[in-house]
>>> print(open('final.cif').read())   # mmCIF, C-alpha atoms
data_data
#
loop_
_atom_site.label_atom_id
_atom_site.label_comp_id
_atom_site.auth_asym_id
_atom_site.auth_seq_id
_atom_site.Cartn_x
_atom_site.Cartn_y
_atom_site.Cartn_z
CA MET X 1 -14.12 -13.19 18.35
CA SER X 2 -10.62 -13.73 17.00
CA THR X 3 -7.87 -14.14 19.55
CA TYR X 4 -5.10 -13.67 17.03
CA PRO X 5 -2.70 -10.72 17.54
CA VAL X 6 -3.36 -7.60 15.49
CA PRO X 7 -0.52 -6.88 13.02
CA LEU X 8 1.63 -3.98 14.19
CA VAL X 9 1.75 -0.60 12.48
CA PRO X 10 4.69 1.84 12.57
CA ASN X 11 3.21 3.85 15.46
CA ASN X 12 3.08 0.72 17.65
CA VAL X 13 6.70 -0.12 16.98
CA GLN X 14 7.96 3.45 17.27
CA SER X 15 6.19 3.99 20.59
CA ALA X 16 7.61 0.74 21.95
CA MET X 17 11.12 1.64 20.80
CA GLN X 18 10.71 5.11 22.31
CA LEU X 19 9.75 3.70 25.72
CA ALA X 20 12.47 1.06 25.61
CA SER X 21 15.09 3.69 24.69
CA ILE X 22 13.96 6.02 27.48
CA SER X 23 14.28 3.15 29.94
CA VAL X 24 17.73 2.08 28.74
CA LEU X 25 19.07 5.65 28.87
CA GLY X 26 18.12 5.80 32.54
CA LEU X 27 15.59 8.57 32.11
CA PRO X 28 12.62 8.64 34.49
CA ALA X 29 9.65 6.76 33.10
CA PRO X 30 7.22 9.23 31.49
CA THR X 31 4.29 10.09 33.68
CA SER X 32 2.47 12.52 31.38
CA GLU X 33 2.02 13.24 27.70
CA LYS X 34 4.39 16.24 27.93
CA ASP X 35 7.05 14.43 29.94
CA PRO X 36 10.57 15.74 29.14
CA ALA X 37 11.74 12.15 28.57
CA TYR X 38 9.87 12.20 25.25
CA SER X 39 11.92 15.21 24.21
CA ALA X 40 15.12 13.24 24.81
CA VAL X 41 13.94 10.35 22.61
CA ARG X 42 11.90 11.59 19.68
CA VAL X 43 10.10 9.86 16.86
CA GLY X 44 10.97 10.92 13.33
CA TRP X 45 8.92 11.65 10.24
CA GLN X 46 6.30 13.88 11.88
CA GLN X 47 3.77 15.26 9.40
CA LEU X 48 4.85 18.89 9.72
CA GLY X 49 8.31 18.10 10.96
CA GLN X 50 9.38 19.01 14.47
CA PRO X 51 11.74 21.55 15.97
CA SER X 52 15.28 20.27 16.27
CA GLN X 53 17.53 20.77 19.30
CA PHE X 54 20.48 22.88 20.41
CA ILE X 55 23.87 21.49 19.56
CA ASN X 56 24.68 20.59 23.18
CA ASN X 57 21.40 18.75 23.85
CA ASP X 58 21.54 14.96 24.03
CA VAL X 59 18.65 13.91 21.84
CA ALA X 60 17.89 10.65 20.04
CA TYR X 61 15.61 10.28 17.03
CA LEU X 62 14.20 6.94 15.97
CA ARG X 63 12.34 5.78 12.92
CA CYS X 64 10.84 2.39 12.06
CA ILE X 65 10.28 0.76 8.71
CA THR X 66 9.68 -2.73 7.39
CA VAL X 67 12.41 -4.24 5.23
CA ASP X 68 12.57 -6.90 2.58
CA ASP X 69 13.91 -10.24 3.73
CA SER X 70 13.70 -13.76 2.34
CA VAL X 71 11.77 -14.82 5.43
CA ASN X 72 8.93 -12.47 4.36
CA ARG X 73 8.13 -14.75 1.45
CA GLN X 74 7.36 -17.87 3.41
CA ARG X 75 3.74 -18.13 4.44
CA ASP X 76 2.00 -20.84 6.39
CA GLN X 77 -1.69 -21.38 5.88
CA GLN X 78 -4.18 -23.51 7.70
CA THR X 79 -7.94 -23.72 7.84
CA VAL X 80 -9.60 -23.91 11.23
CA SER X 81 -13.15 -23.70 12.45
CA ASN X 82 -14.44 -20.17 12.83
CA PRO X 83 -14.95 -19.53 16.56
CA ALA X 84 -17.31 -16.66 15.76
CA ASP X 85 -19.66 -18.89 13.76
CA MET X 86 -22.39 -20.11 16.10
CA ASN X 87 -24.43 -21.86 13.41
CA ASP X 88 -25.04 -25.61 13.58
CA PRO X 89 -23.76 -26.84 11.23
CA PRO X 90 -21.23 -23.99 10.80
CA GLN X 91 -21.47 -21.84 7.71
CA SER X 92 -17.88 -20.60 7.64
CA ASP X 93 -14.31 -21.51 8.40
CA LEU X 94 -11.30 -19.38 9.18
CA GLN X 95 -8.28 -19.35 6.91
CA VAL X 96 -5.26 -18.41 9.02
CA TRP X 97 -2.11 -17.08 7.38
CA THR X 98 1.08 -16.60 9.34
CA TYR X 99 4.36 -15.14 8.21
CA MET X 100 7.37 -13.29 9.55
CA ARG X 101 7.70 -9.57 8.98
CA VAL X 102 10.98 -7.77 9.58
CA TRP X 103 11.03 -4.32 11.18
CA GLN X 104 14.09 -2.12 11.17
CA THR X 105 14.58 0.67 13.66
CA PHE X 106 17.07 3.47 13.02
CA TRP X 107 18.48 5.41 15.95
CA GLU X 108 20.24 8.75 15.50
CA PHE X 109 21.92 10.21 18.56
CA TYR X 110 22.88 13.87 18.79
CA GLY X 111 24.79 15.76 21.45
CA PRO X 112 28.00 15.36 23.41
CA ASN X 113 26.93 12.04 24.98
CA GLY X 114 25.36 10.56 21.87
CA PHE X 115 28.19 8.09 21.31
CA ASP X 116 27.78 6.53 24.74
CA HIS X 117 24.00 6.57 24.53
CA ALA X 118 24.23 4.58 21.30
CA ARG X 119 26.48 2.05 23.03
CA ALA X 120 24.01 1.71 25.90
CA ILE X 121 21.03 0.99 23.66
CA HIS X 122 23.04 -1.28 21.39
CA SER X 123 24.16 -3.36 24.38
CA ALA X 124 20.70 -3.37 25.95
CA LEU X 125 19.36 -5.24 22.95
CA PHE X 126 21.33 -8.27 24.13
CA THR X 127 19.58 -8.28 27.51
CA GLN X 128 16.39 -9.96 28.65
CA SER X 129 14.86 -6.64 29.71
CA ILE X 130 14.23 -5.50 26.13
CA HIS X 131 12.55 -8.80 25.34
CA ASP X 132 10.45 -8.48 28.49
CA THR X 133 9.54 -4.86 27.71
CA PHE X 134 8.09 -5.87 24.36
CA ALA X 135 6.29 -8.79 25.98
CA ALA X 136 4.80 -6.47 28.61
CA LEU X 137 3.59 -4.20 25.83
CA ASN X 138 1.98 -7.26 24.22
CA LEU X 139 4.06 -6.95 21.07
CA ASN X 140 5.04 -9.94 18.96
CA LEU X 141 8.44 -8.39 18.39
CA TYR X 142 11.73 -10.24 18.70
CA TRP X 143 15.19 -8.77 18.20
CA ILE X 144 17.41 -10.34 15.52
CA PRO X 145 20.84 -10.56 17.21
CA ASP X 146 22.72 -9.04 14.29
CA SER X 147 22.63 -5.28 14.94
CA SER X 148 25.10 -2.97 13.31
CA CYS X 149 27.81 -1.32 15.38
CA PRO X 150 27.08 2.33 16.28
CA ARG X 151 28.81 4.62 13.79
CA ARG X 152 30.05 8.12 14.58
CA VAL X 153 29.02 10.35 11.68
CA PRO X 154 29.57 14.03 12.55
CA TYR X 155 28.20 16.37 9.92
CA TYR X 156 28.45 20.01 8.99
CA GLU X 157 25.26 22.06 9.30
CA ASP X 158 24.50 25.72 9.95
CA GLY X 159 28.13 26.69 10.19
CA GLN X 160 29.20 24.11 12.74
CA TRP X 161 29.94 20.41 13.14
CA TRP X 162 27.23 18.39 14.88
CA GLU X 163 28.04 15.20 16.76
CA ARG X 164 25.89 12.33 15.57
CA VAL X 165 25.97 8.54 16.02
CA ASP X 166 23.78 6.13 14.02
CA PHE X 167 22.91 2.50 14.32
CA GLU X 168 20.05 0.24 13.41
CA ALA X 169 18.55 -3.06 14.54
CA ARG X 170 16.06 -5.50 13.12
CA PHE X 171 13.16 -7.25 14.81
CA ASN X 172 10.95 -10.13 13.71
CA GLU X 173 7.20 -9.91 14.05
CA LEU X 174 5.04 -12.98 13.64
CA VAL X 175 2.06 -11.67 11.68
CA THR X 176 -1.24 -13.53 11.69
CA GLU X 177 -3.98 -12.69 9.20
CA THR X 178 -7.35 -14.37 9.03
CA THR X 179 -10.00 -14.61 6.35
CA VAL X 180 -13.49 -15.95 6.84
CA ILE X 181 -14.36 -18.43 4.10
CA PRO X 182 -17.95 -19.56 3.51
CA LEU X 183 -18.87 -23.24 3.60
CA ALA X 184 -21.39 -25.00 1.39
CA ALA X 185 -24.12 -26.82 3.35
CA SER X 186 -24.52 -29.36 0.55
CA VAL X 187 -23.40 -30.04 -3.01
CA GLU X 188 -25.37 -32.02 -5.58
CA ILE X 189 -23.21 -34.21 -7.82
CA GLN X 190 -24.55 -35.65 -11.07
CA LEU X 191 -22.46 -38.24 -12.97
CA TYR X 192 -22.90 -38.81 -16.68
CA GLU X 193 -21.46 -41.31 -19.16
CA SER X 194 -21.28 -40.46 -22.83
CA GLN X 195 -23.32 -43.50 -23.81
CA ALA X 196 -25.53 -44.26 -20.85
CA GLY X 197 -26.32 -40.72 -19.82
CA GLU X 198 -26.89 -40.01 -16.16
CA VAL X 199 -25.63 -42.80 -13.97
CA ASP X 200 -25.77 -41.26 -10.54
CA ASP X 201 -27.10 -38.25 -8.68
CA PHE X 202 -26.29 -37.65 -5.05
CA VAL X 203 -25.85 -34.89 -2.54
CA VAL X 204 -22.85 -34.35 -0.33
CA VAL X 205 -23.94 -32.68 2.89
CA MET X 206 -22.05 -30.69 5.50
CA PRO X 207 -20.43 -32.98 8.04
CA GLY X 208 -21.65 -32.57 11.57
CA GLU X 209 -19.73 -33.57 14.65
CA GLY X 210 -15.95 -33.73 14.41
CA TYR X 211 -15.68 -31.21 11.64
CA GLY X 212 -13.00 -28.55 11.62
CA GLU X 213 -9.33 -27.96 12.43
CA GLY X 214 -8.30 -28.54 8.84
CA GLU X 215 -10.13 -31.83 8.47
CA TYR X 216 -12.41 -32.06 5.52
CA GLY X 217 -12.71 -35.88 5.59
CA GLY X 218 -14.63 -38.03 7.99
CA GLY X 219 -18.20 -39.13 8.25
CA GLY X 220 -21.23 -37.41 6.97
CA TYR X 221 -20.76 -37.86 3.24
CA GLY X 222 -23.49 -39.85 1.56
CA SER X 223 -25.73 -40.14 -1.41
CA MET K 1 14.60 53.69 5.18
CA ARG K 2 11.64 51.96 6.74
CA LEU K 3 9.34 50.28 4.25
CA HIS K 4 6.45 49.24 6.47
CA SER K 5 4.24 51.89 4.85
CA VAL K 6 4.90 50.21 1.50
CA VAL K 7 4.06 46.68 2.62
CA ASN K 8 0.90 48.01 4.29
CA ASN K 9 -0.19 50.02 1.25
CA PRO K 10 -3.79 48.93 0.55
CA MET K 11 -3.15 49.36 -3.17
CA LEU K 12 -0.72 46.42 -2.95
CA ALA K 13 -1.36 44.56 0.26
CA GLU K 14 -4.20 42.22 1.11
CA ALA K 15 -5.52 40.27 4.07
CA PHE K 16 -4.64 36.69 4.82
CA GLN K 17 -4.56 34.43 7.84
CA VAL K 18 -1.72 32.79 9.68
CA GLN K 19 -1.98 29.57 11.65
CA ARG K 20 0.78 29.89 14.24
CA SER K 21 2.08 27.28 16.62
CA GLN K 22 1.93 28.49 20.21
CA GLY K 23 4.56 25.98 21.16
CA GLY K 24 4.20 22.23 21.07
CA TYR K 25 5.73 19.28 22.86
CA TYR K 26 7.45 15.97 22.14
CA GLY K 27 5.03 13.31 23.34
CA ALA K 28 4.59 9.57 23.18
CA GLY K 29 4.88 8.61 19.53
CA GLY K 30 5.72 12.07 18.26
CA TRP K 31 5.31 15.82 18.14
CA SER K 32 2.07 17.57 19.07
CA ASP K 33 1.31 21.15 18.22
CA ASN K 34 -1.13 23.81 19.29
CA TYR K 35 -2.17 26.38 16.65
CA THR K 36 -3.94 29.70 16.84
CA THR K 37 -5.20 31.72 13.87
CA LEU K 38 -4.07 35.31 13.34
CA ASN K 39 -5.22 37.94 10.84
CA TYR K 40 -2.41 39.40 8.76
CA PHE K 41 -1.95 42.04 6.10
CA GLY K 42 0.82 42.17 3.53
CA ILE K 43 1.84 41.93 -0.10
CA VAL K 44 1.46 38.41 -1.45
CA SER K 45 3.19 37.56 -4.73
CA ILE K 46 3.80 34.42 -6.73
CA ALA K 47 7.39 33.38 -6.20
CA ASP K 48 9.57 33.92 -9.25
CA ALA K 49 11.71 31.21 -10.82
CA LYS K 50 14.87 32.23 -9.02
CA THR K 51 13.15 32.11 -5.64
CA VAL K 52 11.58 28.74 -6.33
CA ASP K 53 14.93 27.46 -7.54
CA ALA K 54 16.34 28.02 -4.05
CA LEU K 55 13.84 25.62 -2.47
CA PRO K 56 14.25 21.88 -2.00
CA GLU K 57 13.21 19.79 -4.98
CA ALA K 58 10.04 18.40 -3.47
CA ASP K 59 8.66 21.86 -2.75
CA ARG K 60 8.92 23.12 -6.32
CA ILE K 61 6.11 21.02 -7.70
CA HIS K 62 3.13 23.18 -6.92
CA GLY K 63 4.63 26.57 -6.45
CA ALA K 64 5.31 29.06 -3.76
CA ILE K 65 4.41 32.56 -2.67
CA VAL K 66 6.44 35.47 -1.38
CA ILE K 67 4.99 37.65 1.37
CA ASN K 68 6.22 41.07 2.41
CA SER K 69 4.61 42.15 5.67
CA GLU K 70 5.27 44.44 8.57
CA LEU K 71 4.58 41.71 11.13
CA PRO K 72 6.94 38.75 11.33
CA LEU K 73 6.24 35.29 9.96
CA TYR K 74 8.19 32.39 11.43
CA VAL K 75 9.89 29.20 10.34
CA THR K 76 10.26 26.29 12.76
CA ARG K 77 12.06 27.49 15.86
CA LEU K 78 13.46 26.04 19.05
CA SER K 79 11.69 28.49 21.27
CA ALA K 80 8.47 30.46 20.77
CA GLY K 81 8.58 32.63 23.84
CA ASP K 82 7.06 30.84 26.80
CA GLY K 83 5.46 28.26 24.55
CA GLY K 84 8.55 26.19 23.91
CA PRO K 85 9.59 24.92 20.50
CA ALA K 86 7.22 25.52 17.58
CA THR K 87 6.80 24.55 13.95
CA SER K 88 6.52 26.89 10.95
CA ASP K 89 3.66 29.29 10.35
CA ILE K 90 0.99 28.18 7.92
CA ILE K 91 -0.46 30.85 5.62
CA VAL K 92 -4.13 30.58 4.67
CA TYR K 93 -4.41 32.59 1.48
CA GLN K 94 -7.75 33.35 -0.22
CA GLY K 95 -9.50 30.51 1.57
CA ASP K 96 -8.15 27.13 2.45
CA SER K 97 -9.44 25.16 -0.52
CA ALA K 98 -7.93 24.72 -3.99
CA PRO K 99 -6.88 26.41 -6.23
CA TRP K 100 -5.67 28.51 -3.31
CA GLY K 101 -5.13 27.09 0.12
CA LYS K 102 -2.45 26.65 2.71
CA TYR K 103 1.21 27.56 2.36
CA ARG K 104 3.94 26.64 4.81
CA VAL K 105 6.66 29.13 5.64
CA VAL K 106 10.05 27.74 4.65
CA ASN K 107 12.20 30.86 4.68
CA GLU K 108 12.10 34.17 6.50
CA GLY K 109 14.02 37.31 5.64
CA LYS K 110 14.36 39.47 8.73
CA TYR K 111 14.50 43.00 7.39
CA LYS K 112 13.49 44.34 10.80
CA SER K 113 15.68 47.40 10.49
CA ARG K 114 13.88 48.28 7.26
CA GLY K 115 10.43 47.74 8.77
CA PHE K 116 9.32 44.56 7.03
CA TRP K 117 9.72 40.78 6.77
CA HIS K 118 10.27 38.93 3.51
CA THR K 119 8.89 35.37 3.66
CA ILE K 120 8.75 32.43 1.26
CA ALA K 121 6.01 29.82 1.72
CA VAL K 122 5.28 26.66 -0.26
CA TRP K 123 1.90 25.28 -1.16
CA MET K 124 0.74 22.41 1.08
CA THR K 125 -1.16 20.35 -1.44
CA GLY K 126 -3.61 17.98 0.19
CA ALA K 127 -3.61 19.90 3.46
#
>>> encode(input="final.cif", output="C-alpha cells")
Amino acid sequence: MSTYPVPLVPNNVQSAMQLASISVLGLPAPTSEKDPAYSAVRVGWQQLGQPSQFINNDVAYLRCITVDDSVNRQRDQQTVSNPADMNDPPQSDLQVWTYMRVWQTFWEFYGPNGFDHARAIHSALFTQSIHDTFAALNLNLYWIPDSSCPRRVPYYEDGQWWERVDFEARFNELVTETTVIPLAASVEIQLYESQAGEVDDFVVVMPGEGYGEGEYGGGGYGS
Amino acid sequence: MRLHSVVNNPMLAEAFQVQRSQGGYYGAGGWSDNYTTLNYFGIVSIADAKTVDALPEADRIHGAIVINSELPLYVTRLSAGDGGPATSDIIVYQGDSAPWGKYRVVNEGKYKSRGFWHTIAVWMTGA
C-alpha cells in the first residue's frame, strides 16, 4: 500500500478554496450541503452553468487551474523498494517521481462589499490560518507569496453597471507519482571473443538482504 | 390577437418533453440541480440562419431549434417559485439520442399577451 499523497484534481482545490474563503469572510461554517454559505462563495465552470445573483448580493466566484511555470519542468526520480511486494526476493521496485505543480485560483467578487471582501481574502493568504486550513484538509498546497493586488473592474451588463473585483493567487503542490517496475530474478551473461569464441558464461542473481532504496550494488552477484 | 390556438394546432404542433429544474442549490464544490420531466406540445422548427446568428459562437456548431408553445419555457433564472434559483429548461425532442436529442433553452420570447412563447434552444451534443 502506497503512502504517497494522491495528486490533487480541480475539485479538491476548488472545495478547499471555497471553505477557506467562507472562513475568511466570517461566514458561519457550513453545516449542510445546502448551507447558504456556499451560495456566498460559489465555484465556477459548472457543467450547465448556474444562476447568477442580484446586483446587490455579495457573492464570490472562484475557479482553479494549473499554470505553466519553470518549476514544473524539474522532476526528481528515485527507485525504492516496493512496500506492496511481499515476495522474497522481491519481484518489483517502485519508481517515485516528484515535481512541483502550480495551481492558480481566480476570485471574482460581486456586490457592494466585494472590494473589501477581496482585501480580506488577499490579506488572509499571508496568515498562518490559511496554511493550517490546507494542512487540516490534508492538502499538499502551499501559497506562493506573490499574489496580485485586487483590481476593481466594474462592467456593464443588462443595462446597469455591476461592481466586481478580481484577484488571483498561486499555490505550489508537491506531486508524487509512482510506477511499479518489475525486477529480473537472474540474468545469464555469455561472453564471446572473436577468435576464441565463448570465454565465460555466468548468471547474475537477484541480491537478497540489503537490497533496495536505490542501491543496485552490493553482495549477491556471482558466476 | 391570441395565437395559442395556432401553436396548439395539431397540423403543426407536436409533442416533446421538457426537463425542468425545480430549483437547485449552491453546495460544496458547486451547483446541484433537481429536474423533473414535463410533457409539452408546440411547434418545433429548425432555427433559421438569422436566429442562429444571434447566438454565441460556440452554440452555432450543431444547430438550434425554435419552439412556439402556449406554455412557457424558461432560461436560467434567479428564482423558480418556491424552489429557489434554477437553470435553463432542457428540451428532449424526438428521443434523447442522436441525430435528435437534447436542446438547452438559451432565449425566451415572452409573448404572453399574444398567447404563446417563442423559445430558442441549442443542441447539447454529447449530453
>>> residues_around(input="final.cif", residues="Asp146 of chain X", least_positions_apart="3", cutoff="9 Å", atoms="all atoms listed in the file", output="PDB file with C-alpha atoms, keeping the file's coordinate frame")
ATOM      1  CA  TRP X 143      15.190  -8.770  18.200  1.00  0.00           C
ATOM      2  CA  ALA X 169      18.550  -3.060  14.540  1.00  0.00           C
ATOM      3  CA  ARG X 170      16.060  -5.500  13.120  1.00  0.00           C
TER       4      ARG X 170
END
>>> residues_around(input="final.cif", residues="Ser23 of chain X", least_positions_apart="2", cutoff="12 Å", atoms="all atoms listed in the file", output="tab-separated table (two decimals) with C-alpha atoms, in the coordinates of the input")
chain	number	residue	atom	x	y	z
X	16	ALA	CA	7.61	0.74	21.95
X	17	MET	CA	11.12	1.64	20.80
X	18	GLN	CA	10.71	5.11	22.31
X	19	LEU	CA	9.75	3.70	25.72
X	20	ALA	CA	12.47	1.06	25.61
X	21	SER	CA	15.09	3.69	24.69
X	25	LEU	CA	19.07	5.65	28.87
X	26	GLY	CA	18.12	5.80	32.54
X	27	LEU	CA	15.59	8.57	32.11
X	28	PRO	CA	12.62	8.64	34.49
X	29	ALA	CA	9.65	6.76	33.10
X	30	PRO	CA	7.22	9.23	31.49
X	37	ALA	CA	11.74	12.15	28.57
X	38	TYR	CA	9.87	12.20	25.25
X	40	ALA	CA	15.12	13.24	24.81
X	41	VAL	CA	13.94	10.35	22.61
X	117	HIS	CA	24.00	6.57	24.53
X	120	ALA	CA	24.01	1.71	25.90
X	121	ILE	CA	21.03	0.99	23.66
X	124	ALA	CA	20.70	-3.37	25.95
X	129	SER	CA	14.86	-6.64	29.71
X	130	ILE	CA	14.23	-5.50	26.13
X	133	THR	CA	9.54	-4.86	27.71
>>> closest_residue(input="final.cif", among="X:Ala184, X:Val24, X:Val175, X:Glu108", to="Arg151 of chain X", atoms="all atoms listed in the file")
X:Glu108
>>> resolve_selection(input="final.cif", expression="the PyMOL selection byres ((chain K) within 8 of (chain X))", output="PyMOL selection string")
chain K and resi 25-31+76-78+85-87
>>> resolve_selection(input="final.cif", expression="the PyMOL selection byres ((chain K and resi 43) around 7)", output="number ranges by chain")
K: 7, 12-14, 42, 44-45, 67-69
>>> atom_distance(input="final.cif", atom1="atom CA of Gln95 of chain X", atom2="atom CA of Val187 of chain X")
21.0 Å
